[in-house]
Amino acid sequence: MIKGLHHVGFEVKDLEDSIKYYESLGFSVVKRFEYEAAGFKAAMMKGKQLGGVELFQLNDPEHELARKVRRHIAFETDNLDTDLQKFLDEGYKLSIPITEGRVVKRYAYVQDKFNNFIELLEQ
């Protein structure tokens with residue numbers, strides 16, 4: 001079952017400047033990570049009473065993975081397999097299959113008919 005909104009993810013020009021800005025708004029870095037093959041570095045940030053933001057500085061914005069993560073919304077689920085299947089049954093396209101995460105336990109991405117990307121994740 002979907003438990004709620006976990007974070008939004010989006011592209012930034014300068015990761016370090018963006019981190020400073022979000023820290024000034026009350027967010028703190030939970031984890032930094034890189035995907036060298038896709039050419040980006042990123043940071044997951046959370047706020048005390050706020051949701052999360054995942055910031056991506058993309059060196060190759062046309063890389064397949066970069067195009068999927070650059071703008072997405074993420075929902076936390078307590079059963080990734082079941083909830084993913086519900087999205088697929090409703091006509092969403094599987095974009096990234098269930099994958100072991102670097103920041104979360106497991107995740108998958110689906111794409112709607114408007115080309116929006118939705119991440120489903122388990123903590």
# chains A, B, ... in the order shown; residues from 1 in each chain; ligands from 1
call {"tool": "residues_around", "arguments": {"residues": "A:His72", "least_positions_apart": "4", "cutoff": "6 Å", "atoms": "only C-alpha atoms", "output": "list in words"}}
result
Val8, Gly9, Phe117 and Ile118 of chain A
call {"tool": "select_by_dssp", "arguments": {"residues": "stretch 6-118 of chain A", "states": "strand (DSSP E)", "output": "ChimeraX atom specification"}}
result
/A:6-11,27-35,40-47,52-58,71-77,93-100,106-111,117-118
call {"tool": "write_last_selection", "arguments": {"atoms": "C-alpha atoms", "output": "mmCIF file, in the first residue's frame"}}
result
data_model
loop_
_atom_site.group_PDB
_atom_site.id
_atom_site.type_symbol
_atom_site.label_atom_id
_atom_site.label_comp_id
_atom_site.auth_asym_id
_atom_site.auth_seq_id
_atom_site.Cartn_x
_atom_site.Cartn_y
_atom_site.Cartn_z
ATOM 1 C CA HIS A 6 8.583 10.419 -0.020
ATOM 2 C CA HIS A 7 10.321 13.043 -2.162
ATOM 3 C CA VAL A 8 10.446 14.942 -5.418
ATOM 4 C CA GLY A 9 13.481 14.779 -7.631
ATOM 5 C CA PHE A 10 14.757 17.358 -10.049
ATOM 6 C CA GLU A 11 17.773 18.608 -11.952
ATOM 7 C CA PHE A 27 16.647 20.653 4.793
ATOM 8 C CA SER A 28 19.710 18.547 5.563
ATOM 9 C CA VAL A 29 21.655 16.090 3.434
ATOM 10 C CA VAL A 30 20.746 12.469 4.151
ATOM 11 C CA LYS A 31 22.991 10.941 1.504
ATOM 12 C CA ARG A 32 25.184 11.950 -1.423
ATOM 13 C CA PHE A 33 25.735 9.564 -4.307
ATOM 14 C CA GLU A 34 27.010 9.358 -7.871
ATOM 15 C CA TYR A 35 26.243 7.298 -10.933
ATOM 16 C CA PHE A 40 25.585 12.572 -12.552
ATOM 17 C CA LYS A 41 26.004 13.307 -8.892
ATOM 18 C CA ALA A 42 23.127 13.719 -6.492
ATOM 19 C CA ALA A 43 21.998 14.401 -2.945
ATOM 20 C CA MET A 44 18.933 13.273 -1.016
ATOM 21 C CA MET A 45 17.763 15.918 1.442
ATOM 22 C CA LYS A 46 15.058 15.838 4.110
ATOM 23 C CA GLY A 47 13.422 18.455 6.269
ATOM 24 C CA GLY A 52 12.356 15.188 0.795
ATOM 25 C CA VAL A 53 14.076 16.583 -2.260
ATOM 26 C CA GLU A 54 16.512 14.667 -4.425
ATOM 27 C CA LEU A 55 18.836 16.932 -6.381
ATOM 28 C CA PHE A 56 20.643 15.827 -9.553
ATOM 29 C CA GLN A 57 23.520 17.609 -11.262
ATOM 30 C CA LEU A 58 23.613 16.003 -14.695
ATOM 31 C CA ARG A 71 12.040 15.146 -12.807
ATOM 32 C CA HIS A 72 10.101 12.614 -10.793
ATOM 33 C CA ILE A 73 7.888 12.143 -7.791
ATOM 34 C CA ALA A 74 8.472 9.280 -5.356
ATOM 35 C CA PHE A 75 5.941 7.422 -3.241
ATOM 36 C CA GLU A 76 6.885 5.186 -0.329
ATOM 37 C CA THR A 77 5.193 1.800 -0.262
ATOM 38 C CA LYS A 93 4.864 1.621 -18.489
ATOM 39 C CA LEU A 94 7.708 0.018 -16.537
ATOM 40 C CA SER A 95 10.650 2.375 -16.871
ATOM 41 C CA ILE A 96 13.123 0.981 -14.314
ATOM 42 C CA PRO A 97 12.485 -2.501 -12.916
ATOM 43 C CA ILE A 98 12.751 -3.243 -9.201
ATOM 44 C CA THR A 99 16.319 -2.391 -8.235
ATOM 45 C CA GLU A 100 18.361 -2.484 -5.027
ATOM 46 C CA ARG A 106 14.445 -1.075 -3.269
ATOM 47 C CA TYR A 107 12.800 1.057 -5.925
ATOM 48 C CA ALA A 108 11.187 0.950 -9.363
ATOM 49 C CA TYR A 109 10.073 3.619 -11.831
ATOM 50 C CA VAL A 110 6.956 3.767 -13.962
ATOM 51 C CA GLN A 111 5.993 6.232 -16.663
ATOM 52 C CA PHE A 117 8.085 9.424 -14.096
ATOM 53 C CA ILE A 118 6.959 8.024 -10.744
#
call {"tool": "select_by_dssp", "arguments": {"residues": "stretch 15-106 of chain A", "states": "alpha helix (DSSP H)", "output": "count of residues only"}}
result
26
call {"tool": "closest_residue", "arguments": {"among": "A:Asn116, A:Gln123, A:Gln49, A:Asn59", "to": "A:Glu36", "atoms": "only C-alpha atoms"}}
result
A:Asn59
call {"tool": "atom_distance", "arguments": {"atom1": "atom CA of A:Thr82", "atom2": "atom CA of A:His63"}}
result
29.2 Å
call {"tool": "closest_residue", "arguments": {"among": "A:Leu5, A:Leu25, A:Leu121, A:Leu15", "to": "A:Asp83", "atoms": "only C-alpha atoms"}}
result
A:Leu121
call {"tool": "closest_residue", "arguments": {"among": "A:Ser24, A:Asn79, A:Asn115, A:Ser18", "to": "A:Met1", "atoms": "only C-alpha atoms"}}
result
A:Asn79
call {"tool": "atom_distance", "arguments": {"atom1": "atom CA of A:Val103", "atom2": "atom CA of A:Phe87"}}
result
22.6 Å
call {"tool": "closest_residue", "arguments": {"among": "A:Lys86, A:Lys48, A:Lys3, A:Lys68", "to": "A:Gly26", "atoms": "only C-alpha atoms"}}
result
A:Lys48
